[in-house]
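Here is structure-v1.txt, consisting of compact mmCIF, C-alpha atoms:
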```
# COMPACT_ATOMS: atom_id res chain seq x y z
CA MET U 27 19.53 -12.53 5.64
CA GLN U 28 23.08 -13.61 4.90
CA VAL U 29 26.21 -11.56 4.20
CA LEU U 30 28.98 -13.43 2.40
CA SER U 31 32.23 -11.87 1.23
CA SER U 32 35.23 -12.39 -1.00
CA TYR U 33 38.46 -10.41 -1.27
CA GLU U 34 40.90 -10.10 -4.13
CA ASP U 35 43.53 -7.49 -5.07
CA GLY U 36 42.21 -4.80 -2.74
CA ARG U 37 38.57 -5.31 -3.72
CA LEU U 38 36.06 -6.59 -1.18
CA THR U 39 32.82 -7.97 -2.58
CA LEU U 40 29.88 -8.28 -0.19
CA TYR U 41 27.11 -10.64 -1.27
CA LEU U 42 23.77 -9.79 0.35
CA LYS U 43 21.23 -12.62 0.34
CA GLY U 44 17.62 -12.81 1.52
CA GLU U 45 15.52 -9.92 2.87
CA LEU U 46 17.12 -6.75 4.23
CA ASP U 47 14.99 -4.78 6.67
CA HIS U 48 15.47 -2.93 9.97
CA HIS U 49 15.39 -6.22 11.89
CA GLU U 50 18.28 -7.63 9.85
CA ALA U 51 20.29 -4.45 9.22
CA ALA U 52 22.08 -4.11 12.58
CA ALA U 53 23.54 -7.63 12.51
CA ALA U 54 24.48 -7.21 8.84
CA LEU U 55 26.28 -3.95 9.62
CA ARG U 56 28.24 -5.54 12.49
CA ARG U 57 29.35 -8.36 10.20
CA ILE U 58 30.30 -5.97 7.39
CA SER U 59 32.20 -3.61 9.73
CA ARG U 60 34.29 -6.56 10.98
CA THR U 61 34.98 -7.68 7.42
CA VAL U 62 36.07 -4.19 6.33
CA ASP U 63 38.32 -3.95 9.42
CA ASP U 64 39.84 -7.35 8.64
CA TYR U 65 40.69 -6.66 4.98
CA LEU U 66 41.05 -2.86 4.86
CA PRO U 67 40.03 -2.94 1.16
CA ARG U 68 40.61 -0.12 -1.34
CA GLU U 69 37.20 -0.66 -2.90
CA CYS U 70 33.97 -2.43 -2.02
CA ALA U 71 31.32 -3.86 -4.34
CA VAL U 72 27.96 -4.65 -2.77
CA ASP U 73 26.47 -7.49 -4.81
CA MET U 74 22.66 -7.62 -4.48
CA GLU U 75 21.99 -10.53 -6.81
CA GLY U 76 20.72 -12.66 -3.93
CA LEU U 77 18.73 -9.88 -2.28
CA THR U 78 15.01 -10.58 -2.73
CA PHE U 79 13.67 -7.62 -0.70
CA MET U 80 15.03 -4.37 0.68
CA ASP U 81 13.41 -1.36 2.37
CA SER U 82 14.98 1.95 3.36
CA SER U 83 17.05 0.13 6.00
CA GLY U 84 19.14 -1.01 3.03
CA ILE U 85 19.76 2.62 2.06
CA ALA U 86 21.11 3.34 5.55
CA LEU U 87 23.29 0.22 5.34
CA ILE U 88 24.78 1.18 1.95
CA LEU U 89 25.47 4.74 3.16
CA LYS U 90 27.15 3.34 6.28
CA ILE U 91 29.36 1.01 4.18
CA SER U 92 30.23 3.98 1.96
CA ARG U 93 31.23 6.02 5.04
CA LEU U 94 33.34 3.14 6.41
CA MET U 95 35.10 2.82 3.07
CA GLY U 96 35.38 6.57 2.57
CA ALA U 97 37.13 7.00 5.93
CA ALA U 98 40.11 5.16 4.44
CA GLY U 99 39.79 6.75 1.01
CA GLY U 100 38.00 3.74 -0.49
CA ARG U 101 35.11 3.61 -2.93
CA THR U 102 31.79 1.72 -2.75
CA TRP U 103 29.30 0.75 -5.42
CA VAL U 104 26.28 -1.53 -5.85
CA VAL U 105 25.95 -4.25 -8.48
CA ASN U 106 23.28 -6.73 -9.62
CA ALA U 107 20.35 -5.04 -7.88
CA LYS U 108 17.07 -6.76 -8.78
CA LYS U 109 13.83 -4.94 -9.54
CA GLN U 110 12.43 -4.30 -6.04
CA PRO U 111 15.73 -3.28 -4.37
CA LEU U 112 16.57 -1.20 -7.45
CA LYS U 113 13.27 0.68 -7.16
CA VAL U 114 14.03 1.51 -3.51
CA LEU U 115 17.55 2.66 -4.46
CA ASP U 116 16.11 4.81 -7.27
CA ALA U 117 13.45 6.38 -5.04
CA SER U 118 16.06 7.32 -2.45
CA GLY U 119 18.30 9.13 -4.95
CA ILE U 120 21.33 7.27 -3.58
CA ASP U 121 22.61 6.87 -7.14
CA ARG U 122 23.68 10.54 -6.96
CA LEU U 123 26.27 9.43 -4.36
CA ILE U 124 26.99 5.80 -5.22
CA GLN U 125 27.12 4.01 -8.57
CA VAL U 126 24.28 1.48 -8.87
CA SER U 127 23.88 -1.16 -11.57
CA SER U 128 20.99 -3.53 -12.03
CA ALA U 129 20.88 -7.28 -12.47
CA ALA U 130 20.76 -8.44 -16.10
CA GLU U 131 17.43 -10.19 -15.55
CA GLY U 132 15.95 -7.00 -14.05
CA MET E 10 -16.81 3.41 -0.70
CA LYS E 11 -17.95 -0.07 0.29
CA GLN E 12 -15.42 -2.64 1.38
CA ARG E 13 -15.31 -6.13 -0.08
CA ASN E 14 -12.96 -7.69 2.44
CA TYR E 15 -10.75 -6.66 5.35
CA ILE E 16 -8.20 -7.87 7.88
CA LYS E 17 -7.01 -6.53 11.21
CA ILE E 18 -3.84 -7.85 12.79
CA GLU E 19 -2.19 -6.67 16.01
CA PHE E 20 1.33 -7.47 17.12
CA PRO E 21 3.87 -6.04 19.59
CA ALA E 22 6.36 -3.46 18.33
CA ARG E 23 9.21 -5.94 17.93
CA SER E 24 11.43 -5.79 14.87
CA VAL E 25 11.04 -9.51 14.23
CA ASN E 26 7.43 -8.73 13.24
CA GLU E 27 8.45 -6.51 10.29
CA GLY E 28 8.83 -9.52 7.99
CA PHE E 29 5.60 -11.04 9.24
CA ALA E 30 3.66 -7.82 8.61
CA ARG E 31 4.77 -7.44 4.99
CA ALA E 32 4.22 -11.15 4.28
CA ALA E 33 0.68 -10.89 5.72
CA ALA E 34 0.04 -7.74 3.66
CA ALA E 35 1.21 -9.46 0.47
CA ALA E 36 -0.93 -12.54 1.19
CA PHE E 37 -4.05 -10.40 1.67
CA ALA E 38 -3.33 -8.24 -1.40
CA ALA E 39 -2.83 -11.35 -3.55
CA GLN E 40 -6.62 -11.79 -3.90
CA LEU E 41 -6.64 -8.67 -6.12
CA ASP E 42 -4.28 -10.49 -8.51
CA PRO E 43 -1.60 -7.77 -8.43
CA THR E 44 1.56 -7.86 -10.56
CA MET E 45 4.86 -8.77 -8.91
CA ASP E 46 5.82 -5.09 -9.08
CA GLN E 47 2.64 -4.04 -7.28
CA LEU E 48 3.18 -6.71 -4.62
CA GLY E 49 6.75 -5.44 -4.17
CA ASP E 50 5.43 -1.89 -3.74
CA ILE E 51 2.90 -2.99 -1.09
CA LYS E 52 5.46 -5.03 0.85
CA THR E 53 7.92 -2.13 0.79
CA ALA E 54 5.40 0.47 1.96
CA VAL E 55 4.10 -1.78 4.76
CA SER E 56 7.66 -2.55 5.86
CA GLU E 57 8.40 1.18 6.08
CA ALA E 58 5.25 2.07 8.03
CA VAL E 59 5.57 -0.85 10.46
CA THR E 60 9.28 -0.15 11.00
CA ASN E 61 8.50 3.50 11.80
CA ALA E 62 6.04 2.37 14.47
CA ILE E 63 8.50 -0.15 15.90
CA VAL E 64 11.43 2.29 15.97
CA HIS E 65 9.68 5.50 17.02
CA ALA E 66 6.34 4.91 18.74
CA TYR E 67 7.31 3.22 21.98
CA PRO E 68 10.63 4.26 23.54
CA ASP E 69 10.37 2.00 26.60
CA GLN E 70 8.17 -0.94 25.68
CA ALA E 71 6.92 -3.11 22.82
CA GLY E 72 3.44 -1.59 22.60
CA PRO E 73 0.76 -2.66 20.13
CA VAL E 74 0.96 -2.06 16.38
CA GLN E 75 -2.12 -2.66 14.28
CA LEU E 76 -2.13 -3.48 10.56
CA ARG E 77 -5.53 -3.00 8.94
CA MET E 78 -6.21 -3.64 5.28
CA ARG E 79 -9.37 -3.19 3.23
CA ILE E 80 -10.27 -4.02 -0.33
CA LEU E 81 -12.69 -1.40 -1.59
CA ASP E 82 -15.27 -1.85 -4.34
CA ASP E 83 -13.15 -0.01 -6.91
CA ASP E 84 -10.25 -2.52 -6.55
CA GLN E 85 -8.45 -0.08 -4.34
CA LEU E 86 -6.38 -1.45 -1.50
CA GLU E 87 -6.31 0.61 1.69
CA ILE E 88 -3.63 -0.10 4.29
CA ALA E 89 -3.52 1.49 7.74
CA VAL E 90 -0.69 1.04 10.24
CA ARG E 91 -1.62 2.32 13.66
CA ASP E 92 0.21 2.61 16.96
CA ARG E 93 -0.81 4.07 20.29
CA GLY E 94 2.62 5.48 21.08
CA ARG E 95 4.10 8.91 21.70
CA GLY E 96 3.12 10.42 18.36
CA ILE E 97 5.10 12.47 15.85
CA PRO E 98 5.70 16.04 17.08
CA ASP E 99 6.00 17.52 13.58
CA VAL E 100 4.53 15.33 10.82
CA LYS E 101 5.54 17.74 8.04
CA LYS E 102 9.15 17.68 9.21
CA ALA E 103 9.11 13.88 9.63
CA MET E 104 8.04 13.49 6.00
CA GLU E 105 11.00 15.45 4.63
CA PRO E 106 13.54 13.25 2.80
CA MET E 107 16.60 12.31 4.91
CA TYR E 108 15.00 13.56 8.15
CA THR E 109 15.21 11.01 10.95
CA THR E 110 15.37 10.90 14.73
CA GLY E 111 16.22 7.20 14.59
CA GLY E 112 20.02 7.36 14.58
CA GLU E 113 22.50 6.33 11.92
CA ASP E 114 20.88 2.98 11.18
CA ARG E 115 17.88 4.87 9.72
CA SER E 116 18.01 6.66 6.38
CA GLY E 117 15.10 9.06 6.85
CA MET E 118 13.69 7.88 3.50
CA GLY E 119 10.71 5.87 4.81
CA PHE E 120 7.95 8.39 4.04
CA THR E 121 9.57 9.28 0.71
CA ILE E 122 9.42 5.62 -0.30
CA MET E 123 5.85 5.16 0.98
CA THR E 124 4.76 8.19 -1.05
CA SER E 125 6.62 7.01 -4.13
CA PHE E 126 5.34 3.42 -4.02
CA MET E 127 1.68 4.04 -3.16
CA ASP E 128 -1.08 6.14 -4.77
CA GLY E 129 -2.04 7.98 -1.59
CA LEU E 130 -0.61 8.59 1.89
CA ARG E 131 -2.12 10.27 4.93
CA VAL E 132 -0.49 10.60 8.35
CA ARG E 133 -2.45 11.44 11.47
CA SER E 134 -0.64 11.80 14.77
CA ALA E 135 -1.33 13.18 18.23
CA PRO E 136 1.11 13.48 21.15
CA ASP E 137 0.91 10.43 23.46
CA ARG E 138 -2.09 9.09 21.52
CA GLY E 139 -0.30 7.55 18.60
CA THR E 140 0.06 7.67 14.85
CA THR E 141 -1.95 6.23 11.99
CA VAL E 142 -0.42 5.99 8.52
CA THR E 143 -3.05 5.28 5.86
CA MET E 144 -1.99 4.36 2.33
CA LYS E 145 -3.97 3.56 -0.80
CA LYS E 146 -3.04 1.69 -3.95
CA ARG E 147 -5.18 0.98 -6.95
CA ILE E 148 -4.55 -2.53 -8.20
CA ARG E 149 -4.94 -2.76 -11.93
CA THR E 150 -5.28 -6.17 -13.46
CA LYS E 151 -2.30 -7.81 -15.11
CA ALA E 152 -3.89 -7.11 -18.51
CA GLY E 153 -3.60 -3.42 -17.67
CA THR E 154 -7.32 -2.67 -17.63
```
Now that the file is in, can you turn its structure into structure tokens?
Amino acid sequence: MQVLSSYEDGRLTLYLKGELDHHEAAAALRRISRTVDDYLPRECAVDMEGLTFMDSSGIALILKISRLMGAAGGRTWVVNAKKQPLKVLDASGIDRLIQVSSAAEG
Amino acid sequence: MKQRNYIKIEFPARSVNEGFARAAAAAFAAQLDPTMDQLGDIKTAVSEAVTNAIVHAYPDQAGPVQLRMRILDDDQLEIAVRDRGRGIPDVKKAMEPMYTTGGEDRSGMGFTIMTSFMDGLRVRSAPDRGTTVTMKKRIRTKAGT
């Protein structure tokens, strides 16, 4: 999978692309941790538009990003989650902790 | 229940095989003409079960993980993921949401997701003999019959 990022006015957007599983999660987390350290953003949007598959490894990754951001008082949320990742997010109940919005095309 | 078709695949407990296992599962399930949602459910559940085996079963080596799938006469898909590793000491505890012994890169939601995405889940485990996770899903046709 790929992790791309953009930064503007204190907001970091992380674009996750491809398939996110346990095999991919560790490298993705290392990349994201470096990016958060580099920008020290106030808020972080995780954009899942390009994410075609996610299992519970993605839940752990989102919670870890939220903890990284929370340590500096920042906020994290998820946008553009497609059907399969959204179903995993829903089943985990993570939306009680982090705002999740779905992709327009479902 | 009679089986119409089956596969048995064995691979070492290496994380690179997680993607292979769910792709193989989806390819086999495709002959039942599932919806995209059903295929997504199957791939997710297989990914969770195989990842559990890879992360937990073999602390010191990449031991064997077996993926077995059967299509039963009633259009039910049965999936079994089996390892011969150290076993789960307390299956009931392991199935509780958010419980994990896998460190902070694991969410502890694997069994919750398997249960939620499949129609049946059974876990059998014995110390130092391994674990078998068996899941069932009824594949209804796209017309909803």
Hey, which of E:Gly28, E:Pro73, E:Pro98, E:Gly129 ends up closest to chain U? Count all atoms listed in the file. E:Gly28
I want to know what sits within 8 Å of Arg147 of chain E, based on only C-alpha atoms, with residues of the same chain fewer than 5 positions away left out; could you give that as a list in words?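 In the requested format, the answer is Asp84, Gln85, Leu86 and Asp128 of chain E.
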Show me, as number ranges by chain, every residue of chain E with an atom at most 7 Å from chain U, counting all atoms listed in the file. E: 24-25, 49, 53, 56-57, 60, 114-116, 118-119, 122, 125
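Rounded to one decimal, atom CA of Ile80 of chain E and atom CA of Glu27 of chain E lie 21.7 Å from each other.
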Skipping near chain neighbours, those fewer than 2 positions away, what residues fall within 6 Å of Gly96 of chain E using only C-alpha atoms, listed as an MDAnalysis selection string? chainID E and resid 94 134:137 139:140
Which is closer to Lys11 of chain E than all the others in E:Arg79, E:Lys52, E:Arg138, E:Arg133, using all atoms listed in the file?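 Checking each candidate against Lys11 of chain E, we get E:Arg79 as the closest.
Residue nearest Arg37 of chain U within the list U:Arg60, U:Ala71, U:Leu123, U:Met95: U:Ala71 [criterion: smallest interatomic distance, only C-alpha atoms].
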Which distance in Å separates atom CA of Glu75 of chain U and atom CA of Asp35 of chain U, to one decimal? 21.8 Å
Give as an mmCIF file with C-alpha atoms, in the coordinates of the input every residue, naming chains and numbers as the document does, that has an atom within 12 Å of (28.8, -11.4, 0.8), counting only C-alpha atoms.
```cif
data_model
loop_
_atom_site.group_PDB
_atom_site.id
_atom_site.type_symbol
_atom_site.label_atom_id
_atom_site.label_comp_id
_atom_site.auth_asym_id
_atom_site.auth_seq_id
_atom_site.Cartn_x
_atom_site.Cartn_y
_atom_site.Cartn_z
ATOM 1 C CA MET U 27 19.530 -12.530 5.640
ATOM 2 C CA GLN U 28 23.080 -13.610 4.900
ATOM 3 C CA VAL U 29 26.210 -11.560 4.200
ATOM 4 C CA LEU U 30 28.980 -13.430 2.400
ATOM 5 C CA SER U 31 32.230 -11.870 1.230
ATOM 6 C CA SER U 32 35.230 -12.390 -1.000
ATOM 7 C CA TYR U 33 38.460 -10.410 -1.270
ATOM 8 C CA LEU U 38 36.060 -6.590 -1.180
ATOM 9 C CA THR U 39 32.820 -7.970 -2.580
ATOM 10 C CA LEU U 40 29.880 -8.280 -0.190
ATOM 11 C CA TYR U 41 27.110 -10.640 -1.270
ATOM 12 C CA LEU U 42 23.770 -9.790 0.350
ATOM 13 C CA LYS U 43 21.230 -12.620 0.340
ATOM 14 C CA GLY U 44 17.620 -12.810 1.520
ATOM 15 C CA ALA U 54 24.480 -7.210 8.840
ATOM 16 C CA LEU U 55 26.280 -3.950 9.620
ATOM 17 C CA ARG U 57 29.350 -8.360 10.200
ATOM 18 C CA ILE U 58 30.300 -5.970 7.390
ATOM 19 C CA THR U 61 34.980 -7.680 7.420
ATOM 20 C CA VAL U 62 36.070 -4.190 6.330
ATOM 21 C CA CYS U 70 33.970 -2.430 -2.020
ATOM 22 C CA ALA U 71 31.320 -3.860 -4.340
ATOM 23 C CA VAL U 72 27.960 -4.650 -2.770
ATOM 24 C CA ASP U 73 26.470 -7.490 -4.810
ATOM 25 C CA MET U 74 22.660 -7.620 -4.480
ATOM 26 C CA GLU U 75 21.990 -10.530 -6.810
ATOM 27 C CA GLY U 76 20.720 -12.660 -3.930
ATOM 28 C CA LEU U 77 18.730 -9.880 -2.280
#
```
Between atom CA of Ser127 of chain U and atom CA of Gly96 of chain U, what distance in Å does the model show, to one decimal? 19.8 Å
Polymer residues at most 9 Å from Met10 of chain E, all atoms listed in the file, same-chain spacing of 6 or more positions, as a list in words: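 The residues that qualify are Leu81, Asp82 and Asp83 of chain E.
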Judged by all atoms listed in the file, the minimum distance to Tyr65 of chain U among U:Leu112, U:Ala98, U:Ala129, U:Ala107 is found for U:Ala98
Can you write segment 39-56 of chain U from the block above with N, CA and C atoms, as a PDB file, in the first residue's frame?
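Dumped to out_19.pdb:
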```pdb
ATOM      1  N   THR U  39      -3.189  15.866   5.845  1.00  0.00           N
ATOM      2  CA  THR U  39      -4.073  14.860   5.254  1.00  0.00           C
ATOM      3  C   THR U  39      -3.233  13.681   4.798  1.00  0.00           C
ATOM      4  N   LEU U  40      -3.602  12.500   5.284  1.00  0.00           N
ATOM      5  CA  LEU U  40      -2.915  11.263   4.901  1.00  0.00           C
ATOM      6  C   LEU U  40      -3.799  10.519   3.910  1.00  0.00           C
ATOM      7  N   TYR U  41      -3.259  10.199   2.755  1.00  0.00           N
ATOM      8  CA  TYR U  41      -4.017   9.473   1.729  1.00  0.00           C
ATOM      9  C   TYR U  41      -3.544   8.022   1.715  1.00  0.00           C
ATOM     10  N   LEU U  42      -4.418   7.111   2.142  1.00  0.00           N
ATOM     11  CA  LEU U  42      -4.067   5.685   2.155  1.00  0.00           C
ATOM     12  C   LEU U  42      -4.545   5.057   0.854  1.00  0.00           C
ATOM     13  N   LYS U  43      -3.649   4.330   0.193  1.00  0.00           N
ATOM     14  CA  LYS U  43      -3.993   3.729  -1.108  1.00  0.00           C
ATOM     15  C   LYS U  43      -3.601   2.261  -1.132  1.00  0.00           C
ATOM     16  N   GLY U  44      -4.468   1.421  -1.709  1.00  0.00           N
ATOM     17  CA  GLY U  44      -4.165  -0.001  -1.839  1.00  0.00           C
ATOM     18  C   GLY U  44      -4.834  -0.822  -0.753  1.00  0.00           C
ATOM     19  N   GLU U  45      -4.154  -1.877  -0.288  1.00  0.00           N
ATOM     20  CA  GLU U  45      -4.716  -2.788   0.709  1.00  0.00           C
ATOM     21  C   GLU U  45      -3.950  -2.657   2.023  1.00  0.00           C
ATOM     22  N   LEU U  46      -4.679  -2.458   3.102  1.00  0.00           N
ATOM     23  CA  LEU U  46      -4.065  -2.269   4.423  1.00  0.00           C
ATOM     24  C   LEU U  46      -4.332  -3.502   5.277  1.00  0.00           C
ATOM     25  N   ASP U  47      -3.260  -4.263   5.509  1.00  0.00           N
ATOM     26  CA  ASP U  47      -3.367  -5.430   6.396  1.00  0.00           C
ATOM     27  C   ASP U  47      -2.179  -5.427   7.358  1.00  0.00           C
ATOM     28  N   HIS U  48      -2.044  -6.482   8.145  1.00  0.00           N
ATOM     29  CA  HIS U  48      -0.967  -6.562   9.127  1.00  0.00           C
ATOM     30  C   HIS U  48       0.402  -6.472   8.465  1.00  0.00           C
ATOM     31  N   HIS U  49       0.532  -7.061   7.275  1.00  0.00           N
ATOM     32  CA  HIS U  49       1.811  -7.041   6.564  1.00  0.00           C
ATOM     33  C   HIS U  49       2.221  -5.618   6.194  1.00  0.00           C
ATOM     34  N   GLU U  50       1.256  -4.781   5.868  1.00  0.00           N
ATOM     35  CA  GLU U  50       1.544  -3.423   5.400  1.00  0.00           C
ATOM     36  C   GLU U  50       1.539  -2.401   6.537  1.00  0.00           C
ATOM     37  N   ALA U  51       0.893  -2.735   7.662  1.00  0.00           N
ATOM     38  CA  ALA U  51       0.600  -1.724   8.679  1.00  0.00           C
ATOM     39  C   ALA U  51       1.852  -1.158   9.351  1.00  0.00           C
ATOM     40  N   ALA U  52       2.849  -2.000   9.608  1.00  0.00           N
ATOM     41  CA  ALA U  52       4.029  -1.521  10.343  1.00  0.00           C
ATOM     42  C   ALA U  52       4.777  -0.459   9.542  1.00  0.00           C
ATOM     43  N   ALA U  53       4.985  -0.728   8.246  1.00  0.00           N
ATOM     44  CA  ALA U  53       5.694   0.243   7.405  1.00  0.00           C
ATOM     45  C   ALA U  53       4.880   1.525   7.268  1.00  0.00           C
ATOM     46  N   ALA U  54       3.554   1.369   7.144  1.00  0.00           N
ATOM     47  CA  ALA U  54       2.684   2.550   7.032  1.00  0.00           C
ATOM     48  C   ALA U  54       2.776   3.396   8.290  1.00  0.00           C
ATOM     49  N   LEU U  55       2.796   2.735   9.449  1.00  0.00           N
ATOM     50  CA  LEU U  55       2.869   3.482  10.710  1.00  0.00           C
ATOM     51  C   LEU U  55       4.202   4.227  10.843  1.00  0.00           C
ATOM     52  N   ARG U  56       5.301   3.579  10.432  1.00  0.00           N
ATOM     53  CA  ARG U  56       6.602   4.257  10.482  1.00  0.00           C
ATOM     54  C   ARG U  56       6.591   5.519   9.616  1.00  0.00           C
TER      55      ARG U  56
END
```
